>>> print(open('coords-v8.json').read())   # JSON, C-alpha atoms and all ligand atoms
[["chain", "number", "residue", "atom", "x", "y", "z"],
["A", 1160, "MET", "CA", 38.45, 97.63, 74.69],
["A", 1161, "SER", "CA", 37.96, 95.76, 71.47],
["A", 1162, "LEU", "CA", 37.33, 92.03, 71.31],
["A", 1163, "GLN", "CA", 37.00, 90.28, 67.99],
["A", 1164, "ILE", "CA", 36.83, 86.60, 67.17],
["A", 1165, "GLN", "CA", 37.47, 84.85, 63.88],
["A", 1166, "MET", "CA", 36.86, 81.13, 63.82],
["A", 1167, "ILE", "CA", 39.52, 79.46, 61.67],
["A", 1168, "GLY", "CA", 37.33, 76.39, 61.79],
["A", 1169, "THR", "CA", 33.81, 75.69, 62.99],
["A", 1170, "GLY", "CA", 33.53, 71.98, 62.28],
["A", 1171, "SER", "CA", 33.07, 68.91, 64.43],
["A", 1172, "ALA", "CA", 36.00, 66.54, 64.88],
["A", 1173, "PHE", "CA", 34.99, 64.69, 61.70],
["A", 1174, "SER", "CA", 33.95, 67.67, 59.56],
["A", 1175, "LYS", "CA", 35.56, 67.79, 56.14],
["A", 1176, "LYS", "CA", 34.10, 71.17, 55.17],
["A", 1177, "PHE", "CA", 34.56, 73.55, 58.07],
["A", 1178, "TYR", "CA", 37.89, 72.47, 59.62],
["A", 1179, "ASN", "CA", 38.58, 72.00, 63.33],
["A", 1180, "ASN", "CA", 36.82, 74.28, 65.79],
["A", 1181, "ASN", "CA", 39.62, 76.74, 66.59],
["A", 1182, "ALA", "CA", 39.39, 80.51, 67.10],
["A", 1183, "LEU", "CA", 41.54, 83.57, 66.67],
["A", 1184, "VAL", "CA", 40.82, 86.17, 69.36],
["A", 1185, "PHE", "CA", 41.99, 89.74, 68.77],
["A", 1186, "CYS", "CA", 42.13, 92.08, 71.75],
["A", 1187, "ASN", "CA", 43.86, 95.45, 71.63],
["A", 1188, "GLY", "CA", 46.87, 94.25, 69.64],
["A", 1189, "PHE", "CA", 47.09, 90.79, 71.24],
["A", 1190, "THR", "CA", 46.22, 87.74, 69.15],
["A", 1191, "LEU", "CA", 45.31, 84.47, 70.81],
["A", 1192, "LEU", "CA", 44.60, 81.17, 69.08],
["A", 1193, "ILE", "CA", 42.14, 79.04, 71.03],
["A", 1194, "ASP", "CA", 43.10, 75.45, 70.25],
["A", 1195, "CYS", "CA", 45.31, 74.33, 67.43],
["A", 1196, "GLY", "CA", 43.82, 71.33, 65.67],
["A", 1197, "ALA", "CA", 45.21, 69.36, 62.79],
["A", 1198, "THR", "CA", 43.59, 71.73, 60.28],
["A", 1199, "ALA", "CA", 44.81, 74.97, 61.92],
["A", 1200, "PRO", "CA", 47.97, 75.37, 59.80],
["A", 1201, "ARG", "CA", 45.92, 74.89, 56.62],
["A", 1202, "ALA", "CA", 43.25, 77.38, 57.75],
["A", 1203, "LEU", "CA", 45.87, 80.03, 58.57],
["A", 1204, "TYR", "CA", 47.47, 79.43, 55.18],
["A", 1205, "GLU", "CA", 44.11, 80.01, 53.47],
["A", 1206, "LEU", "CA", 43.71, 83.24, 55.44],
["A", 1207, "ASP", "CA", 47.27, 84.27, 54.55],
["A", 1208, "PHE", "CA", 47.76, 84.72, 58.30],
["A", 1209, "PRO", "CA", 51.41, 84.20, 59.34],
["A", 1210, "LEU", "CA", 52.08, 82.05, 62.43],
["A", 1211, "THR", "CA", 54.23, 84.82, 63.79],
["A", 1212, "GLN", "CA", 51.23, 87.17, 64.08],
["A", 1213, "ILE", "CA", 49.87, 84.90, 66.81],
["A", 1214, "ASP", "CA", 51.01, 85.91, 70.31],
["A", 1215, "GLY", "CA", 49.87, 82.80, 72.11],
["A", 1216, "ILE", "CA", 47.91, 79.55, 71.87],
["A", 1217, "LEU", "CA", 45.54, 78.30, 74.56],
["A", 1218, "ILE", "CA", 44.66, 74.62, 74.73],
["A", 1219, "THR", "CA", 41.25, 73.55, 76.08],
["A", 1220, "HIS", "CA", 41.71, 69.77, 76.04],
["A", 1221, "ILE", "CA", 43.63, 66.99, 74.36],
["A", 1222, "HIS", "CA", 41.81, 65.83, 71.25],
["A", 1223, "SER", "CA", 43.47, 66.11, 67.86],
["A", 1224, "ASP", "CA", 40.93, 68.67, 66.57],
["A", 1225, "HIS", "CA", 42.24, 70.89, 69.41],
["A", 1226, "VAL", "CA", 45.96, 70.03, 69.64],
["A", 1227, "GLY", "CA", 46.77, 68.15, 66.41],
["A", 1228, "GLY", "CA", 48.40, 71.18, 64.76],
["A", 1229, "LEU", "CA", 50.85, 71.89, 67.57],
["A", 1230, "GLU", "CA", 53.57, 69.62, 66.23],
["A", 1231, "GLU", "CA", 53.68, 71.56, 62.95],
["A", 1232, "PHE", "CA", 53.63, 74.87, 64.83],
["A", 1233, "ALA", "CA", 56.52, 73.73, 67.02],
["A", 1234, "PHE", "CA", 58.64, 72.50, 64.12],
["A", 1235, "ARG", "CA", 58.02, 75.56, 61.97],
["A", 1236, "LEU", "CA", 58.73, 78.00, 64.81],
["A", 1237, "HIS", "CA", 61.90, 76.09, 65.64],
["A", 1238, "TYR", "CA", 63.30, 75.38, 62.20],
["A", 1239, "ALA", "CA", 61.74, 77.97, 59.89],
["A", 1240, "TYR", "CA", 61.44, 80.89, 62.33],
["A", 1241, "ASN", "CA", 64.77, 80.70, 64.12],
["A", 1242, "LYS", "CA", 63.68, 78.90, 67.31],
["A", 1243, "GLN", "CA", 60.92, 81.35, 68.18],
["A", 1244, "ARG", "CA", 59.10, 80.21, 71.30],
["A", 1245, "MET", "CA", 55.46, 81.20, 71.12],
["A", 1246, "LYS", "CA", 53.47, 81.48, 74.34],
["A", 1247, "LEU", "CA", 51.49, 78.30, 75.01],
["A", 1248, "PHE", "CA", 48.81, 78.64, 77.69],
["A", 1249, "VAL", "CA", 48.16, 75.21, 79.16],
["A", 1250, "PRO", "CA", 45.74, 74.31, 81.96],
["A", 1251, "SER", "CA", 47.79, 72.67, 84.71],
["A", 1252, "THR", "CA", 45.82, 69.43, 84.49],
["A", 1253, "LEU", "CA", 46.76, 69.02, 80.80],
["A", 1254, "LEU", "CA", 50.43, 69.77, 81.06],
["A", 1255, "TYR", "CA", 51.79, 66.25, 81.63],
["A", 1256, "SER", "CA", 49.50, 64.65, 79.12],
["A", 1257, "LEU", "CA", 50.08, 67.24, 76.39],
["A", 1258, "TRP", "CA", 53.77, 66.37, 76.24],
["A", 1259, "HIS", "CA", 53.92, 62.74, 77.32],
["A", 1260, "HIS", "CA", 50.73, 61.44, 75.70],
["A", 1261, "SER", "CA", 50.40, 63.71, 72.71],
["A", 1262, "LEU", "CA", 53.43, 65.64, 71.44],
["A", 1263, "ARG", "CA", 56.53, 63.87, 72.69],
["A", 1264, "GLY", "CA", 56.45, 61.11, 70.08],
["A", 1265, "GLY", "CA", 56.98, 63.61, 67.28],
["A", 1266, "LEU", "CA", 58.83, 66.46, 68.95],
["A", 1267, "GLU", "CA", 61.39, 64.76, 71.21],
["A", 1268, "ASN", "CA", 64.82, 64.94, 69.60],
["A", 1269, "LYS", "CA", 67.65, 63.90, 71.89],
["A", 1270, "ALA", "CA", 70.36, 64.66, 69.35],
["A", 1271, "GLU", "CA", 69.32, 68.31, 69.27],
["A", 1272, "GLY", "CA", 68.50, 68.58, 72.99],
["A", 1273, "LEU", "CA", 64.79, 69.00, 72.37],
["A", 1274, "MET", "CA", 63.40, 67.07, 75.31],
["A", 1275, "GLN", "CA", 60.42, 68.94, 76.68],
["A", 1276, "LEU", "CA", 57.55, 71.22, 75.73],
["A", 1277, "GLU", "CA", 59.50, 74.24, 77.00],
["A", 1278, "ASP", "CA", 62.15, 73.61, 74.33],
["A", 1279, "TYR", "CA", 59.58, 74.64, 71.72],
["A", 1280, "PHE", "CA", 57.13, 76.93, 73.52],
["A", 1281, "GLU", "CA", 57.08, 79.47, 76.31],
["A", 1282, "VAL", "CA", 54.75, 77.44, 78.48],
["A", 1283, "ILE", "CA", 52.42, 79.38, 80.76],
["A", 1284, "VAL", "CA", 50.43, 77.22, 83.13],
["A", 1285, "LEU", "CA", 46.86, 78.24, 83.87],
["A", 1286, "ASP", "CA", 44.85, 77.31, 86.92],
["A", 1287, "GLU", "CA", 41.12, 76.72, 86.74],
["A", 1288, "ALA", "CA", 38.46, 78.89, 88.36],
["A", 1289, "VAL", "CA", 40.67, 81.95, 88.67],
["A", 1290, "THR", "CA", 40.86, 84.88, 86.30],
["A", 1291, "THR", "CA", 44.21, 85.15, 84.54],
["A", 1292, "ASN", "CA", 45.45, 87.93, 82.30],
["A", 1293, "LEU", "CA", 46.77, 86.57, 79.02],
["A", 1294, "SER", "CA", 47.63, 90.11, 77.93],
["A", 1295, "PRO", "CA", 47.02, 93.51, 79.55],
["A", 1296, "ASP", "CA", 43.46, 93.65, 78.17],
["A", 1297, "LEU", "CA", 42.50, 89.99, 77.72],
["A", 1298, "ASN", "CA", 41.65, 87.81, 80.66],
["A", 1299, "VAL", "CA", 40.33, 84.30, 80.88],
["A", 1300, "GLU", "CA", 38.69, 82.08, 83.45],
["A", 1301, "LEU", "CA", 38.96, 78.35, 82.84],
["A", 1302, "ILE", "CA", 35.65, 76.70, 83.65],
["A", 1303, "PRO", "CA", 35.98, 72.90, 83.91],
["A", 1304, "SER", "CA", 33.56, 71.26, 81.49],
["A", 1305, "GLN", "CA", 32.11, 67.78, 81.34],
["A", 1306, "HIS", "CA", 33.25, 66.26, 78.04],
["A", 1307, "ILE", "CA", 34.89, 62.85, 78.22],
["A", 1308, "PRO", "CA", 34.65, 61.28, 81.69],
["A", 1309, "GLU", "CA", 37.93, 61.50, 83.65],
["A", 1310, "LYS", "CA", 39.49, 63.69, 80.93],
["A", 1311, "PRO", "CA", 40.06, 67.33, 81.88],
["A", 1312, "SER", "CA", 38.49, 69.82, 79.50],
["A", 1313, "TYR", "CA", 37.74, 73.50, 79.82],
["A", 1314, "SER", "CA", 35.30, 76.12, 78.69],
["A", 1315, "LEU", "CA", 36.55, 79.70, 78.70],
["A", 1316, "LEU", "CA", 35.12, 82.96, 79.92],
["A", 1317, "LEU", "CA", 36.88, 85.79, 78.10],
["A", 1318, "ASN", "CA", 36.79, 89.26, 79.68],
["A", 1319, "GLU", "CA", 33.48, 88.37, 81.45],
["A", 1320, "LYS", "CA", 31.96, 88.91, 78.02],
["A", 1321, "VAL", "CA", 32.29, 85.82, 75.86],
["A", 1322, "PHE", "CA", 31.66, 82.28, 77.08],
["A", 1323, "TYR", "CA", 33.41, 79.78, 74.78],
["A", 1324, "SER", "CA", 32.36, 76.23, 75.55],
["A", 1325, "SER", "CA", 35.00, 74.46, 73.52],
["A", 1326, "ASP", "CA", 33.90, 70.80, 73.78],
["A", 1327, "ALA", "CA", 31.33, 70.37, 76.53],
["A", 1328, "ARG", "CA", 28.24, 68.43, 77.32],
["A", 1329, "PHE", "CA", 25.15, 70.56, 77.86],
["A", 1330, "ASP", "CA", 25.06, 72.37, 81.19],
["A", 1331, "GLY", "CA", 21.93, 74.52, 81.04],
["A", 1332, "ALA", "CA", 22.24, 75.62, 84.68],
["A", 1333, "LEU", "CA", 25.70, 77.05, 84.03],
["A", 1334, "LEU", "CA", 24.57, 78.95, 80.93],
["A", 1335, "VAL", "CA", 21.52, 80.37, 82.70],
["A", 1336, "GLU", "CA", 23.66, 81.37, 85.68],
["A", 1337, "LEU", "CA", 26.23, 83.13, 83.49],
["A", 1338, "HIS", "CA", 23.37, 84.95, 81.78],
["A", 1339, "THR", "CA", 21.47, 85.96, 84.93],
["A", 1340, "LYS", "CA", 24.60, 87.07, 86.75],
["A", 1341, "GLY", "CA", 25.50, 89.24, 83.76],
["A", 1342, "ARG", "CA", 28.80, 87.40, 83.32],
["A", 1343, "CYS", "CA", 28.60, 87.06, 79.55],
["A", 1344, "ASP", "CA", 27.02, 88.80, 76.58],
["A", 1345, "TYR", "CA", 27.84, 86.09, 74.07],
["A", 1346, "ILE", "CA", 27.88, 82.31, 74.25],
["A", 1347, "LEU", "CA", 29.84, 80.39, 71.63],
["A", 1348, "HIS", "CA", 28.74, 76.80, 72.11],
["A", 1349, "ASP", "CA", 29.60, 73.48, 70.53],
["A", 1350, "CYS", "CA", 26.58, 71.90, 68.92],
["A", 1351, "GLN", "CA", 26.12, 68.37, 67.76],
["A", 1352, "LEU", "CA", 23.22, 68.59, 65.33],
["A", 1353, "THR", "CA", 21.88, 65.11, 66.06],
["A", 1354, "SER", "CA", 20.75, 63.71, 69.40],
["A", 1355, "PRO", "CA", 21.85, 62.41, 71.80],
["A", 1356, "GLY", "CA", 24.92, 64.59, 72.39],
["A", 1357, "VAL", "CA", 26.81, 62.09, 74.59],
["A", 1358, "VAL", "CA", 30.09, 64.06, 74.78],
["A", 1359, "HIS", "CA", 28.84, 67.36, 73.27],
["A", 1360, "ALA", "CA", 25.83, 69.58, 73.72],
["A", 1361, "CYS", "CA", 23.31, 68.67, 71.04],
["A", 1362, "LEU", "CA", 20.88, 71.01, 69.31],
["A", 1363, "ASP", "CA", 17.85, 69.55, 71.11],
["A", 1364, "ASP", "CA", 19.54, 70.28, 74.48],
["A", 1365, "LEU", "CA", 20.43, 73.83, 73.49],
["A", 1366, "LEU", "CA", 16.87, 74.48, 72.30],
["A", 1367, "THR", "CA", 15.69, 73.96, 75.91],
["A", 1368, "LEU", "CA", 17.44, 77.19, 76.94],
["A", 1369, "PRO", "CA", 15.19, 80.19, 77.59],
["A", 1370, "GLU", "CA", 14.93, 82.47, 74.55],
["A", 1371, "SER", "CA", 16.74, 85.24, 76.45],
["A", 1372, "VAL", "CA", 19.77, 82.94, 76.70],
["A", 1373, "GLN", "CA", 19.41, 81.54, 73.17],
["A", 1374, "GLU", "CA", 19.67, 85.10, 71.83],
["A", 1375, "LYS", "CA", 23.26, 85.14, 73.07],
["A", 1376, "VAL", "CA", 24.20, 81.77, 71.57],
["A", 1377, "MET", "CA", 26.30, 81.23, 68.46],
["A", 1378, "LEU", "CA", 26.68, 77.57, 67.54],
["A", 1379, "MET", "CA", 30.00, 76.06, 66.55],
["A", 1380, "HIS", "CA", 31.71, 72.64, 66.27],
["A", 1381, "TYR", "CA", 28.94, 71.46, 63.92],
["A", 1382, "ASP", "CA", 28.99, 68.75, 61.31],
["A", 1383, "ASP", "CA", 28.92, 69.06, 57.53],
["A", 1384, "LYS", "CA", 25.13, 68.74, 57.27],
["A", 1385, "VAL", "CA", 24.60, 72.13, 58.92],
["A", 1386, "ASP", "CA", 22.68, 73.50, 55.89],
["A", 1387, "GLN", "CA", 19.80, 71.17, 56.73],
["A", 1388, "TYR", "CA", 19.41, 72.84, 60.12],
["A", 1389, "ILE", "CA", 19.17, 76.47, 59.02],
["A", 1390, "GLY", "CA", 15.97, 77.88, 60.53],
["A", 1391, "MET", "CA", 15.76, 75.11, 63.12],
["A", 1392, "THR", "CA", 17.91, 76.67, 65.86],
["A", 1393, "GLY", "CA", 15.38, 78.87, 67.68],
["A", 1394, "LYS", "CA", 16.99, 82.22, 68.52],
["A", 1395, "MET", "CA", 20.47, 80.76, 68.12],
["A", 1396, "THR", "CA", 22.66, 81.34, 65.08],
["A", 1397, "PHE", "CA", 25.53, 79.45, 63.50],
["A", 1398, "ILE", "CA", 28.92, 81.13, 63.69],
["A", 1399, "GLU", "CA", 30.69, 81.09, 60.32],
["A", 1400, "GLN", "CA", 34.22, 80.03, 59.54],
["A", 1401, "TYR", "CA", 36.55, 82.94, 58.69],
["A", 1402, "THR", "CA", 34.01, 85.75, 59.36],
["A", 1403, "LEU", "CA", 35.38, 88.36, 61.77],
["A", 1404, "TYR", "CA", 32.91, 89.06, 64.59],
["A", 1405, "ASP", "CA", 33.02, 92.10, 66.85],
["A", 1406, "PHE", "CA", 32.02, 91.37, 70.45],
["A", 1407, "ARG", "CA", 31.27, 94.79, 71.91],
["B", 1, "LIG", "N1", 31.72, 58.62, 73.55],
["B", 1, "LIG", "C1", 32.20, 59.29, 72.50],
["B", 1, "LIG", "C2", 33.50, 59.79, 72.53],
["B", 1, "LIG", "C3", 33.98, 60.46, 71.41],
["B", 1, "LIG", "N2", 33.19, 60.63, 70.34],
["B", 1, "LIG", "C4", 33.65, 61.34, 69.13],
["B", 1, "LIG", "O1", 35.08, 61.46, 69.14],
["B", 1, "LIG", "C5", 35.39, 62.82, 68.95],
["B", 1, "LIG", "C6", 36.68, 63.32, 69.54],
["B", 1, "LIG", "O2", 36.78, 64.72, 69.28],
["B", 1, "LIG", "P1", 35.59, 65.67, 69.76],
["B", 1, "LIG", "O3", 35.63, 66.92, 68.99],
["B", 1, "LIG", "O4", 35.58, 65.70, 71.25],
["B", 1, "LIG", "O5", 34.29, 64.92, 69.30],
["B", 1, "LIG", "C7", 34.25, 63.55, 69.65],
["B", 1, "LIG", "C8", 33.08, 62.77, 69.13],
["B", 1, "LIG", "O6", 32.78, 63.15, 67.81],
["B", 1, "LIG", "C9", 31.91, 60.17, 70.36],
["B", 1, "LIG", "O7", 31.16, 60.37, 69.39],
["B", 1, "LIG", "N3", 31.43, 59.50, 71.45],
["B", 2, "ZN", "ZN", 36.37, 68.87, 69.32],
["B", 3, "ZN", "ZN", 36.90, 66.97, 72.41]]
>>> encode(input="coords-v8.json", output="structure tokens", more="lines below")
Ligand SMILES: Nc1ccn([C@@H]2O[C@@H]3COP(=O)(O)O[C@H]3[C@H]2O)c(=O)n1
Ligand SMILES: [Zn+2]
Ligand SMILES: [Zn+2]
Amino acid sequence: MSLQIQMIGTGSAFSKKFYNNNALVFCNGFTLLIDCGATAPRALYELDFPLTQIDGILITHIHSDHVGGLEEFAFRLHYAYNKQRMKLFVPSTLLYSLWHHSLRGGLENKAEGLMQLEDYFEVIVLDEAVTTNLSPDLNVELIPSQHIPEKPSYSLLLNEKVFYSSDARFDGALLVELHTKGRCDYILHDCQLTSPGVVHACLDDLLTLPESVQEKVMLMHYDDKVDQYIGMTGKMTFIEQYTLYDFR
């Protein structure tokens, strides 16, 4: 089984250098895009990566750096790619809000009978805390994360190998448990470089992890001043935009 990840952006919500924190996951011929922020279409263009090579998009929560590119995806698939309906994996708790609070304003078109998310995407609803196969060889468990109070948001466990925090406040107990139970070999974690984190894990929080856990951590969702923090991340490293990583 091969599992590779290429971040098409590694930046915080306000980063102007590294684009929105979204990831391409490649697993035995299946390509998943984790989150589709406003900069995703631009990043894919720079990579010369056609939309149609993506088999599905999974949404972790509703902030524009994670869903802001979906309107363009929907319009292009519909109008430029002959009404192709890409798979859209949506946690059940986000389903209503994704259409009614985020996408409907731009995508609803009564004249053309485009009235719901399913008119643009093949919507596949995911439940939390169970393992779901996204493809024959790629499975995911949605782990509810604490991000914005009262706003559902999910971290992902891919193939019991890669933990992908998406946007989450620091939960050291969870990371240590995943490590000690042998449930992940790699931890891709959002990292706000300055303290306090408030709605994200911050570097000072992540540095409290035992070194054995830090060795698994690759930091993402960082701001444009990341150069100033090179060498200050303990055993943790920064994941780089566009580099293809093999997670064996
Ligand atoms: N209490 C909050 C709430 C939000 N924010 C910022 O808004 C951004 C929304 O996208 P994000 O990627 O979740 O990062 C959030 C914070 O930068 C913040 O800094 N403090
Ligand atoms: Zn974000
Ligand atoms: Zn967020």
>>> residues_near_ligand(input="coords-v8.json", ligand="ligand ZN 2 (chain B)", cutoff="7 Å", atoms="only C-alpha atoms and all ligand atoms", output="list in words")
Ser1171, Ala1172, Asn1180, His1222, Asp1224, His1225, Asp1326 and His1380 of chain A
>>> axis_aligned_box(input="coords-v8.json", around="range 1338-1348 of chain A", padding_each_side="8 Å", output="lines of an AutoDock Vina configuration file")
center_x = 25.7
center_y = 83.0
center_z = 79.2
size_x = 24.4
size_y = 28.4
size_z = 31.1
>>> closest_residue(input="coords-v8.json", among="A:Ile1164, A:Ile1221, A:Ser1174, A:Leu1236", to="Cys1186 in chain A", atoms="all atoms listed in the file")
A:Ile1164
>>> closest_atom_pairs(input="coords-v8.json", of="chain A", to="ligand ZN 3 (chain B)", cutoff="12 Å", atoms="all atoms listed in the file", output="Markdown table")
| residue | atom | partner | partner_atom | distance |
| --- | --- | --- | --- | --- |
| A:Gly1170 | CA | B:ZN3 | ZN | 11.8 |
| A:Ser1171 | CA | B:ZN3 | ZN | 9.1 |
| A:Ala1172 | CA | B:ZN3 | ZN | 7.6 |
| A:Phe1173 | CA | B:ZN3 | ZN | 11.1 |
| A:Asn1179 | CA | B:ZN3 | ZN | 10.5 |
| A:Asn1180 | CA | B:ZN3 | ZN | 9.9 |
| A:Asn1181 | CA | B:ZN3 | ZN | 11.7 |
| A:Asp1194 | CA | B:ZN3 | ZN | 10.7 |
| A:Gly1196 | CA | B:ZN3 | ZN | 10.6 |
| A:Ile1218 | CA | B:ZN3 | ZN | 11.1 |
| A:Thr1219 | CA | B:ZN3 | ZN | 8.7 |
| A:His1220 | CA | B:ZN3 | ZN | 6.6 |
| A:Ile1221 | CA | B:ZN3 | ZN | 7.0 |
| A:His1222 | CA | B:ZN3 | ZN | 5.2 |
| A:Ser1223 | CA | B:ZN3 | ZN | 8.0 |
| A:Asp1224 | CA | B:ZN3 | ZN | 7.3 |
| A:His1225 | CA | B:ZN3 | ZN | 7.3 |
| A:Val1226 | CA | B:ZN3 | ZN | 10.0 |
| A:Gly1227 | CA | B:ZN3 | ZN | 11.6 |
| A:Ser1304 | CA | B:ZN3 | ZN | 10.6 |
| A:Gln1305 | CA | B:ZN3 | ZN | 10.2 |
| A:His1306 | CA | B:ZN3 | ZN | 6.7 |
| A:Ile1307 | CA | B:ZN3 | ZN | 7.4 |
| A:Pro1308 | CA | B:ZN3 | ZN | 11.1 |
| A:Lys1310 | CA | B:ZN3 | ZN | 9.5 |
| A:Pro1311 | CA | B:ZN3 | ZN | 10.0 |
| A:Ser1312 | CA | B:ZN3 | ZN | 7.8 |
| A:Tyr1313 | CA | B:ZN3 | ZN | 9.9 |
| A:Ser1314 | CA | B:ZN3 | ZN | 11.2 |
| A:Ser1324 | CA | B:ZN3 | ZN | 10.8 |
| A:Ser1325 | CA | B:ZN3 | ZN | 7.8 |
| A:Asp1326 | CA | B:ZN3 | ZN | 5.1 |
| A:Ala1327 | CA | B:ZN3 | ZN | 7.7 |
| A:Arg1328 | CA | B:ZN3 | ZN | 10.1 |
| A:Asp1349 | CA | B:ZN3 | ZN | 10.0 |
| A:Cys1350 | CA | B:ZN3 | ZN | 12.0 |
| A:Gln1351 | CA | B:ZN3 | ZN | 11.8 |
| A:Val1357 | CA | B:ZN3 | ZN | 11.4 |
| A:Val1358 | CA | B:ZN3 | ZN | 7.8 |
| A:His1359 | CA | B:ZN3 | ZN | 8.1 |
| A:Ala1360 | CA | B:ZN3 | ZN | 11.4 |
| A:His1380 | CA | B:ZN3 | ZN | 9.8 |
>>> write_last_selection(input="coords-v8.json", atoms="C-alpha atoms", output="tab-separated table (two decimals), keeping the file's coordinate frame")
chain	number	residue	atom	x	y	z
A	1170	GLY	CA	33.53	71.98	62.28
A	1171	SER	CA	33.07	68.91	64.43
A	1172	ALA	CA	36.00	66.54	64.88
A	1173	PHE	CA	34.99	64.69	61.70
A	1179	ASN	CA	38.58	72.00	63.33
A	1180	ASN	CA	36.82	74.28	65.79
A	1181	ASN	CA	39.62	76.74	66.59
A	1194	ASP	CA	43.10	75.45	70.25
A	1196	GLY	CA	43.82	71.33	65.67
A	1218	ILE	CA	44.66	74.62	74.73
A	1219	THR	CA	41.25	73.55	76.08
A	1220	HIS	CA	41.71	69.77	76.04
A	1221	ILE	CA	43.63	66.99	74.36
A	1222	HIS	CA	41.81	65.83	71.25
A	1223	SER	CA	43.47	66.11	67.86
A	1224	ASP	CA	40.93	68.67	66.57
A	1225	HIS	CA	42.24	70.89	69.41
A	1226	VAL	CA	45.96	70.03	69.64
A	1227	GLY	CA	46.77	68.15	66.41
A	1304	SER	CA	33.56	71.26	81.49
A	1305	GLN	CA	32.11	67.78	81.34
A	1306	HIS	CA	33.25	66.26	78.04
A	1307	ILE	CA	34.89	62.85	78.22
A	1308	PRO	CA	34.65	61.28	81.69
A	1310	LYS	CA	39.49	63.69	80.93
A	1311	PRO	CA	40.06	67.33	81.88
A	1312	SER	CA	38.49	69.82	79.50
A	1313	TYR	CA	37.74	73.50	79.82
A	1314	SER	CA	35.30	76.12	78.69
A	1324	SER	CA	32.36	76.23	75.55
A	1325	SER	CA	35.00	74.46	73.52
A	1326	ASP	CA	33.90	70.80	73.78
A	1327	ALA	CA	31.33	70.37	76.53
A	1328	ARG	CA	28.24	68.43	77.32
A	1349	ASP	CA	29.60	73.48	70.53
A	1350	CYS	CA	26.58	71.90	68.92
A	1351	GLN	CA	26.12	68.37	67.76
A	1357	VAL	CA	26.81	62.09	74.59
A	1358	VAL	CA	30.09	64.06	74.78
A	1359	HIS	CA	28.84	67.36	73.27
A	1360	ALA	CA	25.83	69.58	73.72
A	1380	HIS	CA	31.71	72.64	66.27
>>> residues_near_point(input="coords-v8.json", point="(49.4, 87.4, 76.8)", cutoff="12 Å", atoms="only C-alpha atoms", output="PyMOL selection string")
chain A and resi 1184-1192+1213-1217+1245-1248+1281-1283+1285+1291-1299
>>> write_last_selection(input="coords-v8.json", atoms="C-alpha atoms", output="CSV table (one decimal), keeping the file's coordinate frame")
chain,number,residue,atom,x,y,z
A,1184,VAL,CA,40.8,86.2,69.4
A,1185,PHE,CA,42.0,89.7,68.8
A,1186,CYS,CA,42.1,92.1,71.8
A,1187,ASN,CA,43.9,95.4,71.6
A,1188,GLY,CA,46.9,94.2,69.6
A,1189,PHE,CA,47.1,90.8,71.2
A,1190,THR,CA,46.2,87.7,69.2
A,1191,LEU,CA,45.3,84.5,70.8
A,1192,LEU,CA,44.6,81.2,69.1
A,1213,ILE,CA,49.9,84.9,66.8
A,1214,ASP,CA,51.0,85.9,70.3
A,1215,GLY,CA,49.9,82.8,72.1
A,1216,ILE,CA,47.9,79.6,71.9
A,1217,LEU,CA,45.5,78.3,74.6
A,1245,MET,CA,55.5,81.2,71.1
A,1246,LYS,CA,53.5,81.5,74.3
A,1247,LEU,CA,51.5,78.3,75.0
A,1248,PHE,CA,48.8,78.6,77.7
A,1281,GLU,CA,57.1,79.5,76.3
A,1282,VAL,CA,54.8,77.4,78.5
A,1283,ILE,CA,52.4,79.4,80.8
A,1285,LEU,CA,46.9,78.2,83.9
A,1291,THR,CA,44.2,85.2,84.5
A,1292,ASN,CA,45.4,87.9,82.3
A,1293,LEU,CA,46.8,86.6,79.0
A,1294,SER,CA,47.6,90.1,77.9
A,1295,PRO,CA,47.0,93.5,79.6
A,1296,ASP,CA,43.5,93.6,78.2
A,1297,LEU,CA,42.5,90.0,77.7
A,1298,ASN,CA,41.6,87.8,80.7
A,1299,VAL,CA,40.3,84.3,80.9
>>> atom_distance(input="coords-v8.json", atom1="CA of Ile1398 in chain A", atom2="atom C8 of ligand LIG 1 (chain B)")
19.6 Å
>>> closest_residue(input="coords-v8.json", among="A:Tyr1255, A:Phe1208, A:Tyr1178, A:Tyr1279", to="Leu1229 in chain A", atoms="all atoms listed in the file")
A:Tyr1279
>>> atom_distance(input="coords-v8.json", atom1="CA of Val1335 in chain A", atom2="CA of Glu1370 in chain A")
10.7 Å
>>> atom_distance(input="coords-v8.json", atom1="CA of Asp1344 in chain A", atom2="CA of Lys1394 in chain A")
14.5 Å
>>> closest_residue(input="coords-v8.json", among="A:Ile1302, A:Leu1316, A:Val1385, A:Leu1362", to="Phe1329 in chain A", atoms="only C-alpha atoms")
A:Leu1362
>>> closest_residue(input="coords-v8.json", among="A:Leu1254, A:Val1284, A:Leu1365, A:Ala1270", to="Asp1330 in chain A", atoms="all atoms listed in the file")
A:Leu1365
>>> residues_around(input="coords-v8.json", residues="Thr1367 in chain A", least_positions_apart="4", cutoff="10 Å", atoms="all atoms listed in the file", output="JSON, numbers by chain")
{"A": [1331, 1362, 1363, 1372, 1373, 1393]}
>>> residues_around(input="coords-v8.json", residues="Lys1340 in chain A", least_positions_apart="6", cutoff="12 Å", atoms="all atoms listed in the file", output="NGL selection string")
:A and (1319-1320 or 1332-1334 or 1372)
>>> closest_residue(input="coords-v8.json", among="A:Thr1339, A:Pro1355, A:Gln1400, A:Gly1264", to="Ser1371 in chain A", atoms="all atoms listed in the file")
A:Thr1339
>>> closest_residue(input="coords-v8.json", among="A:Cys1361, A:Leu1257, A:Val1321, A:Met1377", to="Arg1407 in chain A", atoms="only C-alpha atoms")
A:Val1321
